[in-house]
Amino acid sequence: MINVAILGMGRIGKTHADAIRNLSGKNLVGKNTGVNLYALHDPFATDIQALAQKYDAKMLDYKTILRDDHIKAVLICTPTNQHATQIEDCVAHGKAVFCEKPIDLDIARVEACLQKVADHKGVLMVGFNRRFDPHFNTLKQQLKAGVIGKPELVQITSRDPAPPPISYIKNSGGLFKDMMIHDIDMARFLLDEELENVQAMGSNLVDSAIGDAGDVDTAILQANTKSGVLISITNSRRACYGYDQRIEVHGEKGMLSVDNIHEHHVKTALKTGFQQAPYQNFFIERYMQAYQNEITVFIEAINNNQAPSPNGNDGLASLKIAQLATDSLGLKVT
């Protein structure tokens, strides 16, 4: 039995808690060992007692979680500025770690953290959940199988329904490190190549307060890979029609694409035209299955004594590209 503790019980922490509960008592690939949500920790959550009762978990303080030998794995869902230190603490105490992206907003701090993980021969998986979306995974499998031959053009679109609060923007690291980093990782994941010759453009078209905070709300990143594949990523903090998530890969023999997911698939045809349900509301709804799948993969990796993926080096590689884009525009958001 893999006993797991979660640090941070905000929206993402609760999502992962639900994923673990769904896995509890089920046999996982290669082992007859289940997973158990053993403990929760969040000193700022006003509903932590109710959550502990809901998930039948203990409420433990941070140091107790580190010292408790019953706990084999820790999910870090705390604010970004706590991630690196908590990763280091957990691996030093022999815990396998799943950490939401990013490890840190500073490249040097991430590199120092990964060195400590390596020194302790630690297990670290970084939460790039979109790799585990079944639609994107099918696209990757078909691409790898050569269905469209050699890829030539990759276009990734990611647009949020509305911007987050300015208080969030000010501490987010900026659009490229907070939002587009998922799309950068997706390009690396799909192509199994690093991005080169990164060029970025950005504007403030949604909210002037975002510009005042030192960030952009609308952006384009272009790059290529060593083999010559061209990549275009577009982001916006506003899409009045819903959460816009699309990928298109054009190749020598054709095209692979994933379109948006609707709330349901019923279409209505009337004299006035065709109607269809809105897109799924936001990332929790759109990527619910992806969150479930990534936790499954993390637990299976521990059970099978395998290194999980994506790892810390994946997190670092995407952060470096996001930092290049941020620096090229002279953005000052922290």
# chains A, B, ... in the order shown; residues from 1 in each chain; ligands from 1

$ residues_around --residues "Ala57 (chain A)" --least-positions-apart "4" --cutoff "6 Å" --atoms "only C-alpha atoms" --output "ChimeraX atom specification"
/A:38-39,52

$ residues_around --residues "Lys253 (chain A)" --least-positions-apart "4" --cutoff "10 Å" --atoms "only C-alpha atoms" --output "list in words"
Gly146, Val147, Ile148, Gly149, Lys150 and Pro151 of chain A

$ write_last_selection --atoms "N, CA, C and O atoms" --output "PDB file, in the first residue's frame"
ATOM      1  N   GLY A 146       3.807   7.366 -37.340  1.00  0.00           N
ATOM      2  CA  GLY A 146       4.059   7.802 -38.706  1.00  0.00           C
ATOM      3  C   GLY A 146       2.822   7.989 -39.553  1.00  0.00           C
ATOM      4  O   GLY A 146       2.920   7.987 -40.786  1.00  0.00           O
ATOM      5  N   VAL A 147       1.680   8.169 -38.920  1.00  0.00           N
ATOM      6  CA  VAL A 147       0.426   8.291 -39.672  1.00  0.00           C
ATOM      7  C   VAL A 147       0.479   9.454 -40.659  1.00  0.00           C
ATOM      8  O   VAL A 147      -0.034   9.352 -41.787  1.00  0.00           O
ATOM      9  N   ILE A 148       1.103  10.568 -40.266  1.00  0.00           N
ATOM     10  CA  ILE A 148       1.201  11.721 -41.177  1.00  0.00           C
ATOM     11  C   ILE A 148       2.642  11.934 -41.655  1.00  0.00           C
ATOM     12  O   ILE A 148       2.973  12.996 -42.189  1.00  0.00           O
ATOM     13  N   GLY A 149       3.483  10.926 -41.475  1.00  0.00           N
ATOM     14  CA  GLY A 149       4.868  11.058 -41.893  1.00  0.00           C
ATOM     15  C   GLY A 149       5.620  12.041 -41.012  1.00  0.00           C
ATOM     16  O   GLY A 149       5.295  12.231 -39.839  1.00  0.00           O
ATOM     17  N   LYS A 150       6.597  12.694 -41.592  1.00  0.00           N
ATOM     18  CA  LYS A 150       7.412  13.634 -40.836  1.00  0.00           C
ATOM     19  C   LYS A 150       6.604  14.882 -40.509  1.00  0.00           C
ATOM     20  O   LYS A 150       6.033  15.515 -41.397  1.00  0.00           O
ATOM     21  N   PRO A 151       6.540  15.279 -39.231  1.00  0.00           N
ATOM     22  CA  PRO A 151       5.832  16.516 -38.892  1.00  0.00           C
ATOM     23  C   PRO A 151       6.580  17.728 -39.435  1.00  0.00           C
ATOM     24  O   PRO A 151       7.814  17.749 -39.486  1.00  0.00           O
TER      25      PRO A 151
END

$ residues_around --residues "Asp119 (chain A)" --least-positions-apart "6" --cutoff "10 Å" --atoms "only C-alpha atoms" --output "MDAnalysis selection string"
chainID A and resid 91:92 113

$ select_by_dssp --residues "region 184-223 of chain A" --states "strand (DSSP E)" --output "MDAnalysis selection string"
chainID A and resid 196:203 218:223

$ residues_around --residues "Ile166 (chain A)" --least-positions-apart "6" --cutoff "12 Å" --atoms "only C-alpha atoms" --output "CSV table (one decimal) with N, CA and C atoms, in the first residue's frame"
chain,number,residue,atom,x,y,z
A,172,SER,N,2.8,35.4,-10.4
A,172,SER,CA,2.6,34.2,-11.2
A,172,SER,C,3.9,33.9,-12.0
A,174,GLY,N,4.4,35.5,-14.7
A,174,GLY,CA,4.1,36.0,-16.0
A,174,GLY,C,3.4,34.9,-16.9
A,207,ASP,N,-6.6,43.5,-20.4
A,207,ASP,CA,-6.8,44.3,-19.2
A,207,ASP,C,-5.5,45.1,-19.0
A,208,SER,N,-5.6,46.4,-18.9
A,208,SER,CA,-4.4,47.3,-18.8
A,208,SER,C,-3.7,47.0,-17.4
A,209,ALA,N,-4.5,46.6,-16.4
A,209,ALA,CA,-3.9,46.3,-15.1
A,209,ALA,C,-2.9,45.2,-15.2
A,210,ILE,N,-3.0,44.3,-16.1
A,210,ILE,CA,-2.0,43.2,-16.3
A,210,ILE,C,-0.7,43.8,-16.8
A,211,GLY,N,-0.9,44.8,-17.7
A,211,GLY,CA,0.3,45.5,-18.2
A,211,GLY,C,1.0,46.3,-17.1
A,212,ASP,N,0.2,46.9,-16.2
A,212,ASP,CA,0.7,47.6,-15.1
A,212,ASP,C,1.5,46.7,-14.1
A,213,ALA,N,1.1,45.4,-14.1
A,213,ALA,CA,1.7,44.5,-13.2
A,213,ALA,C,3.0,43.9,-13.8
A,214,GLY,N,3.3,44.3,-15.1
A,214,GLY,CA,4.6,43.9,-15.7
A,214,GLY,C,4.4,42.7,-16.6
A,215,ASP,N,3.2,42.4,-17.0
A,215,ASP,CA,3.0,41.2,-17.8
A,215,ASP,C,2.2,41.5,-19.1
A,216,VAL,N,2.1,40.5,-19.9
A,216,VAL,CA,1.2,40.6,-21.1
A,216,VAL,C,0.0,39.7,-20.9
A,217,ASP,N,-1.1,39.9,-21.7
A,217,ASP,CA,-2.2,39.0,-21.6
A,217,ASP,C,-2.5,38.3,-22.9
A,237,ARG,N,-5.4,35.5,-22.4
A,237,ARG,CA,-6.1,35.4,-21.1
A,237,ARG,C,-7.6,35.6,-21.2
A,333,VAL,N,7.1,41.1,-14.4
A,333,VAL,CA,6.3,40.4,-13.4
A,333,VAL,C,7.2,39.4,-12.7

$ atom_distance --atom1 "CA of Ser232 (chain A)" --atom2 "CA of Arg286 (chain A)"
22.0 Å

$ residues_around --residues "Asn235 (chain A)" --least-positions-apart "3" --cutoff "8 Å" --atoms "only C-alpha atoms" --output "PyMOL selection string"
chain A and resi 157-159+179-180+217-220

$ write_last_selection --atoms "N, CA and C atoms" --output "PDB file, in the first residue's frame"
ATOM      1  N   THR A 157      -2.919  26.131 -29.508  1.00  0.00           N
ATOM      2  CA  THR A 157      -3.734  27.262 -29.064  1.00  0.00           C
ATOM      3  C   THR A 157      -4.208  27.014 -27.637  1.00  0.00           C
ATOM      4  N   SER A 158      -4.013  28.006 -26.776  1.00  0.00           N
ATOM      5  CA  SER A 158      -4.492  27.921 -25.394  1.00  0.00           C
ATOM      6  C   SER A 158      -4.991  29.292 -24.970  1.00  0.00           C
ATOM      7  N   ARG A 159      -6.295  29.386 -24.705  1.00  0.00           N
ATOM      8  CA  ARG A 159      -6.893  30.665 -24.326  1.00  0.00           C
ATOM      9  C   ARG A 159      -7.839  30.432 -23.156  1.00  0.00           C
ATOM     10  N   MET A 179       1.407  30.200 -17.790  1.00  0.00           N
ATOM     11  CA  MET A 179       0.375  29.669 -18.674  1.00  0.00           C
ATOM     12  C   MET A 179       0.964  28.920 -19.873  1.00  0.00           C
ATOM     13  N   MET A 180       1.800  29.621 -20.648  1.00  0.00           N
ATOM     14  CA  MET A 180       2.318  29.016 -21.870  1.00  0.00           C
ATOM     15  C   MET A 180       3.278  27.875 -21.612  1.00  0.00           C
ATOM     16  N   ASP A 217      -1.054  39.877 -21.668  1.00  0.00           N
ATOM     17  CA  ASP A 217      -2.223  38.995 -21.582  1.00  0.00           C
ATOM     18  C   ASP A 217      -2.513  38.289 -22.901  1.00  0.00           C
ATOM     19  N   THR A 218      -1.766  38.628 -23.947  1.00  0.00           N
ATOM     20  CA  THR A 218      -1.940  38.033 -25.264  1.00  0.00           C
ATOM     21  C   THR A 218      -0.552  37.809 -25.841  1.00  0.00           C
ATOM     22  N   ALA A 219      -0.253  36.595 -26.306  1.00  0.00           N
ATOM     23  CA  ALA A 219       1.131  36.313 -26.692  1.00  0.00           C
ATOM     24  C   ALA A 219       1.219  35.250 -27.782  1.00  0.00           C
ATOM     25  N   ILE A 220       2.311  35.344 -28.523  1.00  0.00           N
ATOM     26  CA  ILE A 220       2.660  34.356 -29.537  1.00  0.00           C
ATOM     27  C   ILE A 220       4.114  33.951 -29.322  1.00  0.00           C
TER      28      ILE A 220
END

$ residues_around --residues "Thr326 (chain A)" --least-positions-apart "4" --cutoff "12 Å" --atoms "only C-alpha atoms" --output "short mmCIF file (atom, residue, chain, number, x, y, z; two decimals) with N, CA and C atoms, in the first residue's frame"
data_model
loop_
_atom_site.label_atom_id
_atom_site.label_comp_id
_atom_site.auth_asym_id
_atom_site.auth_seq_id
_atom_site.Cartn_x
_atom_site.Cartn_y
_atom_site.Cartn_z
N LEU A 105 10.33 29.66 -10.04
CA LEU A 105 10.32 30.61 -11.16
C LEU A 105 11.73 31.01 -11.57
N GLY A 173 4.78 34.84 -12.11
CA GLY A 173 5.93 34.64 -12.99
C GLY A 173 5.66 35.09 -14.41
N GLY A 174 4.42 35.46 -14.69
CA GLY A 174 4.06 35.96 -16.01
C GLY A 174 3.44 34.90 -16.90
N LEU A 175 2.84 35.35 -17.96
CA LEU A 175 2.09 34.47 -18.87
C LEU A 175 2.94 33.32 -19.39
N PHE A 176 4.18 33.60 -19.78
CA PHE A 176 5.00 32.55 -20.39
C PHE A 176 5.36 31.46 -19.39
N LYS A 177 5.67 31.83 -18.15
CA LYS A 177 6.08 30.85 -17.14
C LYS A 177 4.90 30.24 -16.39
N ASP A 178 3.77 30.93 -16.42
CA ASP A 178 2.59 30.45 -15.69
C ASP A 178 1.63 29.68 -16.60
N MET A 179 1.41 30.20 -17.79
CA MET A 179 0.37 29.67 -18.67
C MET A 179 0.96 28.92 -19.87
N MET A 180 1.80 29.62 -20.65
CA MET A 180 2.32 29.02 -21.87
C MET A 180 3.28 27.87 -21.61
N ILE A 181 3.83 27.79 -20.42
CA ILE A 181 4.78 26.72 -20.12
C ILE A 181 4.16 25.33 -20.37
N VAL A 198 13.93 30.62 -30.30
CA VAL A 198 12.65 31.06 -29.74
C VAL A 198 12.46 32.56 -29.97
N GLN A 199 11.29 32.91 -30.49
CA GLN A 199 10.90 34.30 -30.69
C GLN A 199 9.52 34.50 -30.07
N ALA A 200 9.32 35.64 -29.42
CA ALA A 200 8.04 35.89 -28.75
C ALA A 200 7.55 37.29 -29.03
N MET A 201 6.23 37.42 -29.05
CA MET A 201 5.56 38.71 -29.13
C MET A 201 4.45 38.73 -28.10
N GLY A 202 4.17 39.90 -27.53
CA GLY A 202 3.12 39.99 -26.53
C GLY A 202 2.48 41.37 -26.53
N GLY A 214 3.31 44.34 -15.06
CA GLY A 214 4.55 43.91 -15.71
C GLY A 214 4.42 42.71 -16.60
N ASP A 215 3.19 42.36 -17.00
CA ASP A 215 2.97 41.15 -17.79
C ASP A 215 2.20 41.49 -19.06
N VAL A 216 2.06 40.52 -19.94
CA VAL A 216 1.19 40.61 -21.11
C VAL A 216 0.01 39.66 -20.93
N ALA A 219 -0.25 36.60 -26.31
CA ALA A 219 1.13 36.31 -26.69
C ALA A 219 1.22 35.25 -27.78
N ILE A 220 2.31 35.34 -28.52
CA ILE A 220 2.66 34.36 -29.54
C ILE A 220 4.11 33.95 -29.32
N LEU A 221 4.39 32.67 -29.38
CA LEU A 221 5.76 32.16 -29.36
C LEU A 221 5.97 31.32 -30.61
N LEU A 319 10.89 25.69 -18.50
CA LEU A 319 11.08 26.97 -17.81
C LEU A 319 12.11 27.83 -18.52
N LYS A 320 13.19 27.21 -19.01
CA LYS A 320 14.22 27.97 -19.72
C LYS A 320 13.65 28.65 -20.97
N ILE A 321 12.80 27.95 -21.69
CA ILE A 321 12.20 28.53 -22.89
C ILE A 321 11.24 29.66 -22.51
N ALA A 322 10.45 29.43 -21.46
CA ALA A 322 9.53 30.47 -20.99
C ALA A 322 10.29 31.69 -20.52
N GLY A 330 11.19 41.89 -22.12
CA GLY A 330 11.52 42.77 -21.01
C GLY A 330 10.46 42.82 -19.94
N LEU A 331 9.72 41.72 -19.74
CA LEU A 331 8.63 41.70 -18.77
C LEU A 331 9.20 41.69 -17.35
N LYS A 332 8.50 42.36 -16.45
CA LYS A 332 8.99 42.56 -15.09
C LYS A 332 8.17 41.82 -14.02
N VAL A 333 7.14 41.10 -14.43
CA VAL A 333 6.33 40.41 -13.43
C VAL A 333 7.20 39.35 -12.74
N THR A 334 7.01 39.20 -11.41
CA THR A 334 7.87 38.29 -10.64
C THR A 334 7.34 36.86 -10.67
#

$ residues_around --residues "Val110 (chain A)" --least-positions-apart "2" --cutoff "10 Å" --atoms "only C-alpha atoms" --output "PyMOL selection string"
chain A and resi 83-84+102-108+112-116+312-313+315-316+319

$ atom_distance --atom1 "CA of Lys226 (chain A)" --atom2 "CA of Ala118 (chain A)"
28.3 Å

$ atom_distance --atom1 "CA of Thr234 (chain A)" --atom2 "CA of Phe136 (chain A)"
17.2 Å

$ closest_atom_pairs --of "region 42-97 of chain A" --to "region 7-12 of chain A" --cutoff "7 Å" --atoms "only C-alpha atoms" --output "tab-separated table"
residue	atom	partner	partner_atom	distance
A:Asp42	CA	A:Gly8	CA	4.9
A:Ala45	CA	A:Met9	CA	6.7
A:Leu75	CA	A:Leu7	CA	6.1
A:Ile76	CA	A:Leu7	CA	5.0
A:Cys77	CA	A:Gly8	CA	4.8
A:Thr78	CA	A:Gly8	CA	4.6

$ write_last_selection --atoms "N, CA and C atoms" --output "short mmCIF file (atom, residue, chain, number, x, y, z; two decimals), in the first residue's frame"
data_model
loop_
_atom_site.label_atom_id
_atom_site.label_comp_id
_atom_site.auth_asym_id
_atom_site.auth_seq_id
_atom_site.Cartn_x
_atom_site.Cartn_y
_atom_site.Cartn_z
N ASP A 42 -2.34 21.75 5.23
CA ASP A 42 -2.53 23.09 4.66
C ASP A 42 -2.90 24.02 5.81
N ALA A 45 -5.90 26.48 4.96
CA ALA A 45 -7.22 26.00 4.52
C ALA A 45 -8.20 26.01 5.70
N LEU A 75 2.49 14.70 -2.50
CA LEU A 75 2.04 15.54 -3.61
C LEU A 75 2.13 16.99 -3.15
N ILE A 76 2.91 17.80 -3.86
CA ILE A 76 3.12 19.20 -3.50
C ILE A 76 2.22 20.08 -4.36
N CYS A 77 1.24 20.69 -3.72
CA CYS A 77 0.25 21.53 -4.40
C CYS A 77 0.18 22.91 -3.74
N THR A 78 1.27 23.31 -3.14
CA THR A 78 1.38 24.57 -2.42
C THR A 78 1.75 25.70 -3.38
#

$ select_by_dssp --residues "region 197-296 of chain A" --states "alpha helix (DSSP H)" --output "tab-separated table (two decimals) with all heavy atoms, in the first residue's frame"
chain	number	residue	atom	x	y	z
A	208	SER	N	-5.59	46.40	-18.93
A	208	SER	CA	-4.43	47.26	-18.77
A	208	SER	C	-3.74	47.03	-17.43
A	208	SER	O	-2.53	47.26	-17.29
A	208	SER	CB	-4.83	48.73	-18.91
A	208	SER	OG	-5.78	49.09	-17.91
A	209	ALA	N	-4.49	46.56	-16.43
A	209	ALA	CA	-3.89	46.30	-15.12
A	209	ALA	C	-2.87	45.17	-15.19
A	209	ALA	O	-1.91	45.15	-14.41
A	209	ALA	CB	-4.98	45.96	-14.10
A	210	ILE	N	-3.04	44.26	-16.13
A	210	ILE	CA	-2.05	43.20	-16.31
A	210	ILE	C	-0.74	43.79	-16.82
A	210	ILE	O	0.35	43.42	-16.37
A	210	ILE	CB	-2.59	42.11	-17.28
A	210	ILE	CG1	-3.78	41.40	-16.64
A	210	ILE	CG2	-1.49	41.10	-17.64
A	210	ILE	CD1	-4.45	40.36	-17.53
A	211	GLY	N	-0.85	44.76	-17.73
A	211	GLY	CA	0.34	45.46	-18.18
A	211	GLY	C	0.99	46.25	-17.07
A	211	GLY	O	2.22	46.28	-16.94
A	212	ASP	N	0.19	46.88	-16.23
A	212	ASP	CA	0.73	47.63	-15.09
A	212	ASP	C	1.47	46.72	-14.12
A	212	ASP	O	2.39	47.16	-13.42
A	212	ASP	CB	-0.41	48.35	-14.35
A	212	ASP	CG	-1.06	49.44	-15.19
A	212	ASP	OD1	-0.42	49.90	-16.16
A	212	ASP	OD2	-2.22	49.80	-14.88
A	283	PHE	N	-9.93	24.61	-16.85
A	283	PHE	CA	-8.95	23.53	-16.91
A	283	PHE	C	-9.31	22.32	-16.05
A	283	PHE	O	-9.00	21.19	-16.41
A	283	PHE	CB	-7.55	24.05	-16.56
A	283	PHE	CG	-7.35	24.50	-15.15
A	283	PHE	CD1	-6.84	23.63	-14.20
A	283	PHE	CD2	-7.65	25.79	-14.76
A	283	PHE	CE1	-6.63	24.05	-12.89
A	283	PHE	CE2	-7.44	26.22	-13.48
A	283	PHE	CZ	-6.94	25.35	-12.52
A	284	ILE	N	-9.95	22.53	-14.90
A	284	ILE	CA	-10.31	21.39	-14.07
A	284	ILE	C	-11.27	20.48	-14.83
A	284	ILE	O	-11.10	19.25	-14.85
A	284	ILE	CB	-10.94	21.84	-12.74
A	284	ILE	CG1	-9.89	22.55	-11.87
A	284	ILE	CG2	-11.53	20.65	-11.98
A	284	ILE	CD1	-8.78	21.67	-11.36
A	285	GLU	N	-12.29	21.07	-15.44
A	285	GLU	CA	-13.27	20.27	-16.19
A	285	GLU	C	-12.63	19.65	-17.44
A	285	GLU	O	-12.81	18.46	-17.72
A	285	GLU	CB	-14.47	21.14	-16.60
A	285	GLU	CG	-15.30	21.65	-15.43
A	285	GLU	CD	-14.76	22.93	-14.81
A	285	GLU	OE1	-13.68	23.43	-15.24
A	285	GLU	OE2	-15.41	23.44	-13.88
A	286	ARG	N	-11.89	20.47	-18.19
A	286	ARG	CA	-11.32	19.99	-19.46
A	286	ARG	C	-10.30	18.88	-19.23
A	286	ARG	O	-10.22	17.92	-20.02
A	286	ARG	CB	-10.67	21.17	-20.20
A	286	ARG	CG	-9.81	20.79	-21.42
A	286	ARG	CD	-10.63	20.09	-22.49
A	286	ARG	NE	-9.79	19.71	-23.61
A	286	ARG	CZ	-9.06	18.59	-23.67
A	286	ARG	NH1	-9.06	17.72	-22.64
A	286	ARG	NH2	-8.35	18.31	-24.74
A	288	MET	N	-9.88	16.89	-16.41
A	288	MET	CA	-10.15	16.02	-15.27
A	288	MET	C	-9.55	14.63	-15.47
A	288	MET	O	-8.91	14.08	-14.56
A	288	MET	CB	-11.65	15.91	-15.03
A	288	MET	CG	-12.04	15.04	-13.83
A	288	MET	SD	-11.35	15.69	-12.27
A	288	MET	CE	-12.36	17.16	-12.07
A	289	GLN	N	-9.75	14.04	-16.64
A	289	GLN	CA	-9.20	12.71	-16.90
A	289	GLN	C	-7.68	12.74	-16.91
A	289	GLN	O	-7.02	11.80	-16.47
A	289	GLN	CB	-9.73	12.16	-18.22
A	289	GLN	CG	-9.35	10.70	-18.47
A	289	GLN	CD	-9.90	9.77	-17.40
A	289	GLN	OE1	-11.08	9.77	-17.10
A	289	GLN	NE2	-9.02	8.95	-16.80
A	290	ALA	N	-7.10	13.83	-17.41
A	290	ALA	CA	-5.65	13.96	-17.42
A	290	ALA	C	-5.09	13.96	-16.00
A	290	ALA	O	-4.05	13.33	-15.72
A	290	ALA	CB	-5.24	15.22	-18.16
A	291	TYR	N	-5.75	14.69	-15.10
A	291	TYR	CA	-5.30	14.70	-13.70
A	291	TYR	C	-5.37	13.30	-13.10
A	291	TYR	O	-4.47	12.88	-12.35
A	291	TYR	CB	-6.15	15.67	-12.88
A	291	TYR	CG	-5.82	17.12	-13.10
A	291	TYR	CD1	-6.74	18.00	-13.68
A	291	TYR	CD2	-4.59	17.65	-12.72
A	291	TYR	CE1	-6.43	19.34	-13.88
A	291	TYR	CE2	-4.27	18.97	-12.91
A	291	TYR	CZ	-5.20	19.82	-13.50
A	291	TYR	OH	-4.89	21.14	-13.70
A	292	GLN	N	-6.44	12.58	-13.40
A	292	GLN	CA	-6.57	11.22	-12.90
A	292	GLN	C	-5.45	10.34	-13.45
A	292	GLN	O	-4.81	9.57	-12.71
A	292	GLN	CB	-7.93	10.64	-13.31
A	292	GLN	CG	-8.19	9.22	-12.82
A	292	GLN	CD	-8.47	9.16	-11.33
A	292	GLN	OE1	-9.42	9.73	-10.85
A	292	GLN	NE2	-7.61	8.46	-10.60
A	293	ASN	N	-5.19	10.48	-14.75
A	293	ASN	CA	-4.18	9.63	-15.40
A	293	ASN	C	-2.78	9.90	-14.86
A	293	ASN	O	-1.99	8.97	-14.69
A	293	ASN	CB	-4.22	9.85	-16.90
A	293	ASN	CG	-5.49	9.32	-17.54
A	293	ASN	OD1	-6.25	8.58	-16.92
A	293	ASN	ND2	-5.74	9.71	-18.78
A	294	GLU	N	-2.44	11.18	-14.61
A	294	GLU	CA	-1.08	11.47	-14.18
A	294	GLU	C	-0.81	10.92	-12.78
A	294	GLU	O	0.30	10.46	-12.50
A	294	GLU	CB	-0.76	12.96	-14.27
A	294	GLU	CG	-1.41	13.84	-13.26
A	294	GLU	CD	-0.95	15.30	-13.36
A	294	GLU	OE1	0.03	15.58	-14.08
A	294	GLU	OE2	-1.59	16.16	-12.71
A	295	ILE	N	-1.81	10.97	-11.91
A	295	ILE	CA	-1.61	10.40	-10.58
A	295	ILE	C	-1.50	8.88	-10.66
A	295	ILE	O	-0.69	8.26	-9.95
A	295	ILE	CB	-2.76	10.82	-9.63
A	295	ILE	CG1	-2.74	12.33	-9.41
A	295	ILE	CG2	-2.65	10.09	-8.31
A	295	ILE	CD1	-1.43	12.86	-8.84
A	296	THR	N	-2.26	8.27	-11.55
A	296	THR	CA	-2.13	6.83	-11.77
A	296	THR	C	-0.72	6.47	-12.20
A	296	THR	O	-0.10	5.53	-11.68
A	296	THR	CB	-3.14	6.36	-12.84
A	296	THR	OG1	-4.46	6.69	-12.44
A	296	THR	CG2	-3.04	4.86	-13.07

$ closest_residue --among "A:Pro164, A:Asp18, A:Leu60, A:Asn36" --to "Asn3 (chain A)" --atoms "only C-alpha atoms"
A:Asn36

$ closest_residue --among "A:Val74, A:Leu195, A:Val266, A:Leu139" --to "Gln86 (chain A)" --atoms "only C-alpha atoms"
A:Val74
